[in-house]
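Trainee: Just one file: protein.pdb, with PDB, C-alpha atoms.
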ATOM      1  CA  MET A 288     116.530 110.577 132.219
ATOM      2  CA  ALA A 289     117.751 107.301 130.768
ATOM      3  CA  THR A 290     119.813 107.417 127.601
ATOM      4  CA  LYS A 291     117.727 106.569 124.550
ATOM      5  CA  LYS A 292     118.838 103.458 122.669
ATOM      6  CA  ILE A 293     118.668 103.682 118.885
ATOM      7  CA  LEU A 294     119.090 100.725 116.553
ATOM      8  CA  ILE A 295     120.251 101.288 112.984
ATOM      9  CA  ILE A 296     119.621  98.415 110.565
ATOM     10  CA  GLU A 297     121.837  99.153 107.577
ATOM     11  CA  ASP A 298     124.067  96.958 105.411
ATOM     12  CA  GLU A 299     126.441  99.701 104.265
ATOM     13  CA  PRO A 300     129.343  99.882 106.782
ATOM     14  CA  ASN A 301     130.189 103.520 106.069
ATOM     15  CA  ILE A 302     126.652 104.685 106.788
ATOM     16  CA  ARG A 303     126.419 102.530 109.925
ATOM     17  CA  GLU A 304     129.628 103.912 111.365
ATOM     18  CA  LEU A 305     128.738 107.509 110.500
ATOM     19  CA  VAL A 306     125.324 107.228 112.141
ATOM     20  CA  LEU A 307     126.662 105.430 115.223
ATOM     21  CA  TYR A 308     129.316 108.102 115.699
ATOM     22  CA  ASN A 309     126.797 110.932 115.492
ATOM     23  CA  LEU A 310     124.314 109.180 117.758
ATOM     24  CA  LYS A 311     126.997 108.910 120.435
ATOM     25  CA  THR A 312     128.027 112.527 119.876
ATOM     26  CA  ASN A 313     124.424 113.620 120.449
ATOM     27  CA  GLY A 314     123.992 111.651 123.661
ATOM     28  CA  TYR A 315     122.267 108.500 122.380
ATOM     29  CA  GLU A 316     123.261 104.867 122.749
ATOM     30  CA  GLY A 317     123.676 103.535 119.228
ATOM     31  CA  ILE A 318     123.554  99.855 118.290
ATOM     32  CA  ALA A 319     123.649  98.370 114.804
ATOM     33  CA  ALA A 320     122.670  95.386 112.673
ATOM     34  CA  GLU A 321     123.979  94.728 109.182
ATOM     35  CA  ASP A 322     121.124  92.633 107.793
ATOM     36  CA  GLY A 323     117.410  92.107 108.246
ATOM     37  CA  ILE A 324     117.582  88.861 110.218
ATOM     38  CA  MET A 325     120.051  90.301 112.714
ATOM     39  CA  GLY A 326     117.986  93.471 112.845
ATOM     40  CA  ILE A 327     114.703  91.834 113.849
ATOM     41  CA  THR A 328     116.569  89.732 116.425
ATOM     42  CA  MET A 329     118.125  92.835 117.979
ATOM     43  CA  VAL A 330     114.754  94.597 118.131
ATOM     44  CA  HIS A 331     113.399  91.775 120.288
ATOM     45  CA  ARG A 332     116.558  91.401 122.367
ATOM     46  CA  GLU A 333     117.646  95.020 122.864
ATOM     47  CA  LYS A 334     114.219  96.728 122.865
ATOM     48  CA  PRO A 335     115.457  99.991 121.328
ATOM     49  CA  ASP A 336     113.646 103.294 121.786
ATOM     50  CA  LEU A 337     113.793 103.997 118.039
ATOM     51  CA  ILE A 338     114.783 102.149 114.849
ATOM     52  CA  LEU A 339     116.539 103.621 111.810
ATOM     53  CA  LEU A 340     115.588 101.137 109.119
ATOM     54  CA  ASP A 341     117.052 100.809 105.638
ATOM     55  CA  ILE A 342     114.819  99.323 102.949
ATOM     56  CA  MET A 343     117.258  97.320 100.836
ATOM     57  CA  LEU A 344     118.674  94.756 103.255
ATOM     58  CA  PRO A 345     119.940  91.183 102.840
ATOM     59  CA  GLY A 346     117.950  88.454 104.562
ATOM     60  CA  LYS A 347     114.796  90.498 105.234
ATOM     61  CA  ASN A 348     114.057  93.890 103.733
ATOM     62  CA  GLY A 349     112.913  96.964 105.625
ATOM     63  CA  PHE A 350     109.278  96.675 104.567
ATOM     64  CA  GLU A 351     109.122  93.091 105.843
ATOM     65  CA  ILE A 352     110.697  94.085 109.162
ATOM     66  CA  CYS A 353     108.328  97.023 109.612
ATOM     67  CA  LYS A 354     105.247  94.935 108.803
ATOM     68  CA  GLU A 355     106.370  92.072 111.050
ATOM     69  CA  LEU A 356     106.876  94.384 114.019
ATOM     70  CA  ARG A 357     103.544  96.146 113.576
ATOM     71  CA  ASP A 358     101.690  92.868 113.046
ATOM     72  CA  GLU A 359     103.000  91.581 116.377
ATOM     73  CA  GLY A 360     101.935  94.790 118.135
ATOM     74  CA  ASN A 361     105.411  96.310 118.477
ATOM     75  CA  ASN A 362     105.022 100.106 118.343
ATOM     76  CA  THR A 363     108.706 101.046 118.555
ATOM     77  CA  PRO A 364     109.058 104.226 116.457
ATOM     78  CA  ILE A 365     110.586 103.560 113.034
ATOM     79  CA  ILE A 366     112.265 105.992 110.639
ATOM     80  CA  MET A 367     112.698 104.449 107.194
ATOM     81  CA  MET A 368     115.771 105.349 105.141
ATOM     82  CA  THR A 369     114.693 105.576 101.497
ATOM     83  CA  ALA A 370     116.285 106.424  98.160
ATOM     84  CA  LYS A 371     115.845 110.124  97.410
ATOM     85  CA  THR A 372     113.918 109.580  94.174
ATOM     86  CA  GLU A 373     111.743 106.647  95.252
ATOM     87  CA  GLU A 374     108.436 108.275  96.227
ATOM     88  CA  GLU A 375     106.689 104.901  96.255
ATOM     89  CA  ASP A 376     109.121 103.605  98.894
ATOM     90  CA  LYS A 377     108.133 106.448 101.222
ATOM     91  CA  VAL A 378     104.430 105.762 100.829
ATOM     92  CA  THR A 379     104.899 102.002 101.219
ATOM     93  CA  GLY A 380     106.932 102.519 104.391
ATOM     94  CA  LEU A 381     104.147 104.640 105.894
ATOM     95  CA  GLU A 382     101.560 102.058 104.881
ATOM     96  CA  TYR A 383     103.504  99.374 106.742
ATOM     97  CA  GLY A 384     103.524 101.497 109.888
ATOM     98  CA  ALA A 385     106.717 103.581 109.725
ATOM     99  CA  ASP A 386     106.581 106.865 111.649
ATOM    100  CA  ASP A 387     108.755 108.952 109.356
ATOM    101  CA  TYR A 388     111.246 108.651 106.535
ATOM    102  CA  ILE A 389     114.514 110.247 105.556
ATOM    103  CA  SER A 390     115.878 110.275 102.025
ATOM    104  CA  LYS A 391     119.381 109.148 101.131
ATOM    105  CA  PRO A 392     121.788 110.813 100.936
ATOM    106  CA  PHE A 393     120.818 112.665 104.104
ATOM    107  CA  GLY A 394     122.479 115.309 106.230
ATOM    108  CA  ILE A 395     123.356 114.489 109.830
ATOM    109  CA  ARG A 396     121.508 117.554 111.136
ATOM    110  CA  GLU A 397     118.333 116.479 109.356
ATOM    111  CA  MET A 398     118.668 112.929 110.689
ATOM    112  CA  MET A 399     119.140 114.101 114.277
ATOM    113  CA  ALA A 400     116.216 116.543 113.977
ATOM    114  CA  ARG A 401     113.912 113.763 112.772
ATOM    115  CA  ILE A 402     115.056 111.409 115.540
ATOM    116  CA  LYS A 403     114.407 114.049 118.204
ATOM    117  CA  ALA A 404     111.014 114.927 116.730
ATOM    118  CA  VAL A 405     109.798 111.320 116.603
ATOM    119  CA  ILE A 406     111.028 110.531 120.129
ATOM    120  CA  ARG A 407     109.432 113.732 121.429
ATOM    121  CA  ARG A 408     106.087 112.806 119.870
ATOM    122  CA  TYR A 409     106.145 109.357 121.473
ATOM    123  CA  GLU A 410     107.127 110.784 124.864
ATOM    124  CA  THR A 411     104.328 113.349 124.687
ATOM    125  CA  VAL A 412     101.780 110.653 123.897
ATOM    126  CA  GLY A 413     103.137 108.450 126.685
ATOM    127  CA  GLU A 414     102.950 111.262 129.239
ATOM    128  CA  ALA A 415      99.403 112.090 128.205
ATOM    129  CA  ARG A 416      98.416 108.439 128.541
ATOM    130  CA  ASP A 417      99.759 108.368 132.092
ATOM    131  CA  VAL A 418      97.439 111.187 133.107
ATOM    132  CA  LYS A 419      94.153 109.737 134.335
ATOM    133  CA  GLU A 420      91.350 110.461 131.870
ATOM    134  CA  LYS A 421      87.942 111.598 133.028
ATOM    135  CA  ALA A 422      85.458 108.718 133.068
ATOM    136  CA  SER A 423      83.380 110.303 130.301
ATOM    137  CA  GLU A 424      86.443 110.603 128.069
ATOM    138  CA  THR A 425      87.949 107.178 128.737
ATOM    139  CA  ILE A 426      85.750 105.192 126.355
ATOM    140  CA  LEU A 427      84.625 106.563 123.003
ATOM    141  CA  THR A 428      81.935 104.675 121.105
ATOM    142  CA  ILE A 429      80.384 105.070 117.670
ATOM    143  CA  GLY A 430      78.181 102.235 116.467
ATOM    144  CA  GLU A 431      80.133  99.004 116.911
ATOM    145  CA  LEU A 432      83.426 100.902 117.164
ATOM    146  CA  THR A 433      84.837 101.382 120.679
ATOM    147  CA  LEU A 434      88.070 103.143 121.629
ATOM    148  CA  ASN A 435      89.403 102.806 125.185
ATOM    149  CA  VAL A 436      91.794 105.688 125.839
ATOM    150  CA  GLU A 437      93.290 104.362 129.089
ATOM    151  CA  ARG A 438      93.852 100.830 127.805
ATOM    152  CA  HIS A 439      94.885 102.017 124.358
ATOM    153  CA  GLU A 440      92.509  99.474 122.818
ATOM    154  CA  VAL A 441      90.175  99.585 119.828
ATOM    155  CA  THR A 442      87.437  97.043 119.114
ATOM    156  CA  VAL A 443      84.868  96.639 116.357
ATOM    157  CA  ALA A 444      81.881  94.440 117.233
ATOM    158  CA  GLY A 445      83.865  93.139 120.199
ATOM    159  CA  LYS A 446      86.926  92.146 118.155
ATOM    160  CA  ASN A 447      90.290  93.748 118.906
ATOM    161  CA  VAL A 448      91.823  95.913 116.175
ATOM    162  CA  GLU A 449      95.609  96.371 116.229
ATOM    163  CA  LEU A 450      96.587  99.960 115.386
ATOM    164  CA  THR A 451      99.930 101.714 115.233
ATOM    165  CA  LEU A 452     100.466 104.608 117.642
ATOM    166  CA  LYS A 453      99.652 107.270 115.071
ATOM    167  CA  GLU A 454      96.638 105.389 113.733
ATOM    168  CA  PHE A 455      95.292 105.228 117.294
ATOM    169  CA  GLU A 456      95.948 108.916 117.948
ATOM    170  CA  LEU A 457      94.377 109.900 114.621
ATOM    171  CA  LEU A 458      91.244 107.841 115.268
ATOM    172  CA  LYS A 459      90.973 109.086 118.850
ATOM    173  CA  TYR A 460      91.240 112.721 117.766
ATOM    174  CA  LEU A 461      88.561 112.307 115.101
ATOM    175  CA  MET A 462      86.253 110.458 117.511
ATOM    176  CA  GLN A 463      86.741 113.082 120.218
ATOM    177  CA  ASN A 464      85.707 115.705 117.666
ATOM    178  CA  ARG A 465      82.923 113.715 116.034
ATOM    179  CA  GLY A 466      81.221 115.553 113.170
ATOM    180  CA  ARG A 467      83.946 118.194 112.843
ATOM    181  CA  VAL A 468      85.815 118.360 109.532
ATOM    182  CA  PHE A 469      89.616 118.561 109.674
ATOM    183  CA  SER A 470      91.859 119.386 106.737
ATOM    184  CA  ARG A 471      94.885 117.235 105.978
ATOM    185  CA  ASP A 472      97.183 120.034 107.171
ATOM    186  CA  GLN A 473      95.306 120.297 110.475
ATOM    187  CA  LEU A 474      95.540 116.552 111.081
ATOM    188  CA  LEU A 475      99.198 116.473 110.033
ATOM    189  CA  ASN A 476     100.065 119.224 112.514
ATOM    190  CA  LYS A 477      97.955 117.778 115.334
ATOM    191  CA  ILE A 478      99.024 114.123 115.097
ATOM    192  CA  TRP A 479     102.519 114.368 113.618
ATOM    193  CA  GLY A 480     103.487 117.756 115.087
ATOM    194  CA  ILE A 481     104.306 121.113 113.545
ATOM    195  CA  ASP A 482     107.952 120.091 113.183
ATOM    196  CA  TYR A 483     107.057 117.089 111.018
ATOM    197  CA  ALA A 484     108.476 117.558 107.535
ATOM    198  CA  GLY A 485     106.192 115.046 105.837
ATOM    199  CA  GLU A 486     103.470 115.595 103.256
ATOM    200  CA  THR A 487      99.691 115.665 103.597
ATOM    201  CA  ARG A 488      99.667 112.385 101.668
ATOM    202  CA  THR A 489     100.794 110.850 104.946
ATOM    203  CA  VAL A 490      97.321 111.567 106.335
ATOM    204  CA  ASP A 491      95.623 109.875 103.370
ATOM    205  CA  VAL A 492      97.766 106.763 103.846
ATOM    206  CA  HIS A 493      96.823 106.469 107.516
ATOM    207  CA  ILE A 494      93.126 107.128 106.864
ATOM    208  CA  ARG A 495      93.148 104.343 104.264
ATOM    209  CA  HIS A 496      94.836 102.014 106.748
ATOM    210  CA  LEU A 497      92.288 102.825 109.431
ATOM    211  CA  ARG A 498      89.425 102.092 107.074
ATOM    212  CA  GLN A 499      90.974  98.763 106.116
ATOM    213  CA  LYS A 500      91.502  97.759 109.729
ATOM    214  CA  LEU A 501      88.043  98.835 110.844
ATOM    215  CA  SER A 502      86.773  96.978 107.730
ATOM    216  CA  GLU A 503      83.157  97.994 107.413
ATOM    217  CA  GLU A 504      81.915  96.157 104.378
ATOM    218  CA  TYR A 505      78.555  97.915 104.358
ATOM    219  CA  ASN A 506      80.189 101.273 103.658
ATOM    220  CA  ASP A 507      83.319 101.883 101.603
ATOM    221  CA  GLU A 508      84.356 104.815 103.795
ATOM    222  CA  GLY A 509      83.358 103.229 107.079
ATOM    223  CA  TYR A 510      83.305 105.480 110.114
ATOM    224  CA  ILE A 511      85.625 108.076 108.583
ATOM    225  CA  GLU A 512      84.023 110.226 105.910
ATOM    226  CA  THR A 513      85.869 112.128 103.189
ATOM    227  CA  ILE A 514      84.572 115.667 102.695
ATOM    228  CA  ARG A 515      85.612 116.518  99.147
ATOM    229  CA  GLY A 516      87.930 119.520  98.994
ATOM    230  CA  LYS A 517      87.997 119.905 102.776
ATOM    231  CA  GLY A 518      89.295 116.837 104.595
ATOM    232  CA  TYR A 519      87.967 114.134 106.923
ATOM    233  CA  LYS A 520      85.529 113.671 109.767
ATOM    234  CA  VAL A 521      84.068 110.857 111.848
ATOM    235  CA  LYS A 522      80.371 110.467 111.126
TER
END
Take the structure in the file and write it out as structure tokens.
Mentor:
Amino acid sequence: MATKKILIIEDEPNIRELVLYNLKTNGYEGIAAEDGIMGITMVHREKPDLILLDIMLPGKNGFEICKELRDEGNNTPIIMMTAKTEEEDKVTGLEYGADDYISKPFGIREMMARIKAVIRRYETVGEARDVKEKASETILTIGELTLNVERHEVTVAGKNVELTLKEFELLKYLMQNRGRVFSRDQLLNKIWGIDYAGETRTVDVHIRHLRQKLSEEYNDEGYIETIRGKGYKVK
């Protein structure tokens, strides 16, 4: 198996060197950028398997980098590094398409566990996508919404909708189980994995993003319905 390449975008030299050392110790190839401009350039040039992304960066901050990558269809997994007390930073990072977050100051064991968990989730999804789907399961359709499992494409009224990996997996799971209500904990465990240390608010953020991207003006909730006190379902 090829060595995973991990890019850390961090302007504090001590943190960069500590992370790079521990990445190497744990069998990863670590590369680093010290500002946002260099960071986005290295993402395109080096094509890392995962990005550790600080928020407060010179040149281009972490939110801008995350949004830019997702807007251009780049689904490289991203772990945001946030200040321990800044809850809003965590939510904003998830809204821009980050896969996970880790609060500063962080322990090396926690960092490595989160890296392994995120990479494992992406590998599992990739392996599942390589397995040929049954014809009846390849294309899911509800109204003007169509999800093509094999092509990893979503369209509404014939127009392509760009989704992050987890947004796609969340929508697919709900569509495959149309009419069934899932709690936030159930969706968190199914889409993010039982080893994900996030909060159920993560689910709410991604549901809100899906609704915005599917943008059904005739219905505030769109295809995904909120069942008060229980969770979510696709109508």
Trainee: For the structure shown, which residues end up in the PyMOL selection byres ((chain A and resi 339-345) around 7)? Put them as a list in words, please?
Mentor: Leu294, Ile295, Ile296, Glu297, Asp298, Asp322, Gly323, Leu337, Ile338, Gly346, Lys347, Asn348, Gly349, Phe350, Ile365, Ile366, Met367, Met368 and Thr369 of chain A
Trainee: Dump as a list in words all residues having an atom at most 6 Å from (80.6, 111.7, 110.3), computed in the file's coordinates with only C-alpha atoms.
Mentor: Gly466, Glu512, Lys520, Val521 and Lys522 of chain A
Trainee: Give me the residues near Ile426 in chain A as a CSV table (one decimal) with C-alpha atoms, keeping the file's coordinate frame, where near means some atom within 9 Å (using all atoms listed in the file) and where sequence neighbours in that chain fewer than 5 positions away do not count.
Mentor:
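Writing the result to result.csv gives the following:
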chain,number,residue,atom,x,y,z
A,433,THR,CA,84.8,101.4,120.7
A,434,LEU,CA,88.1,103.1,121.6
A,435,ASN,CA,89.4,102.8,125.2
A,436,VAL,CA,91.8,105.7,125.8
A,437,GLU,CA,93.3,104.4,129.1
Trainee: Could you check the closest approach to Arg408 in chain A for each of A:Gly480, A:Gly509, A:Gly380, A:Pro335 and tell me which residue wins, using all atoms listed in the file?
Mentor: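 Of the candidates, the smallest distance to Arg408 in chain A is held by A:Gly480.
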Trainee: Hey, which of A:Lys291, A:Arg332, A:Arg488, A:His493 ends up closest to Glu382 in chain A? Count only C-alpha atoms.
Mentor: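 So, comparing all the options, the nearest one is A:His493.
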Trainee: Between CA of Lys517 in chain A and CA of Ile494 in chain A, measure the distance and give it in Å to one decimal.
Mentor: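 If I compute the distance from CA of Lys517 in chain A to CA of Ile494 in chain A, I get 14.4 Å.
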Trainee: To one decimal in Å, tell me the separation between CA of Gly430 in chain A and CA of Gln473 in chain A.
Mentor: 25.6 Å
Trainee: Neighbourhood query: residues within 12 Å of (120.4, 111.1, 103.5), file coordinates, counting all atoms listed in the file; return as a PyMOL selection string.
Mentor: chain A and resi 302+305-306+339+341+366-372+388-399+401
Trainee: Translate the PyMOL selection byres ((chain A and resi 431) around 12) into a concrete residue list for this structure, as a list in words.
Mentor: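 With the PyMOL selection byres ((chain A and resi 431) around 12) on this model, the match is Leu427, Thr428, Ile429, Gly430, Leu432, Thr433, Leu434, Val441, Thr442, Val443, Ala444, Gly445, Lys446, Asn447, Leu501, Ser502, Glu503, Gly509 and Tyr510 of chain A.
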Trainee: Can you measure CA of Leu457 in chain A to CA of Ile514 in chain A for me? One decimal in Å is fine.
Mentor: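 We find that CA of Leu457 in chain A and CA of Ile514 in chain A lie 16.5 Å from each other.
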Trainee: Fewer than 6 positions away in the same chain doesn't count, so skip those; otherwise give me all residues within 8 Å of Arg357 in chain A, counting all atoms listed in the file, as a PyMOL selection string.
Mentor: chain A and resi 383-384+451
Trainee: With distances taken over all atoms listed in the file, which residue among A:Arg495, A:Lys377, A:His331, A:Arg303 lies nearest Leu458 in chain A?
Mentor: A:Arg495
Trainee: Evaluated on this file, the PyMOL selection byres ((chain A and resi 450) around 8) picks out some residues - which ones are they, written as a list in words?
Mentor: Gly360, Val441, Val448, Glu449, Thr451, Leu452, Lys453, Glu454, Phe455, Leu497 and Lys500 of chain A
Trainee: So, counting only C-alpha atoms, which residue among A:Ala289, A:Met462, A:Ala320, A:Val330 is closest to Glu304 in chain A?
Mentor: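 For Glu304 in chain A, the nearest of the given residues is A:Ala320.
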Trainee: Given only C-alpha atoms as the basis, pick out the residue of A:Ile318, A:Trp479, A:Arg498, A:Tyr519 nearest to Arg407 in chain A.
Mentor: A:Trp479
Trainee: So, with all atoms listed in the file as the atoms that count, which of A:Gln463, A:Asn309, A:Thr411, A:Asn362 lies closest to Thr425 in chain A?
Mentor: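 Of A:Gln463, A:Asn309, A:Thr411, A:Asn362, the one nearest Thr425 in chain A is A:Gln463, counting all atoms listed in the file.
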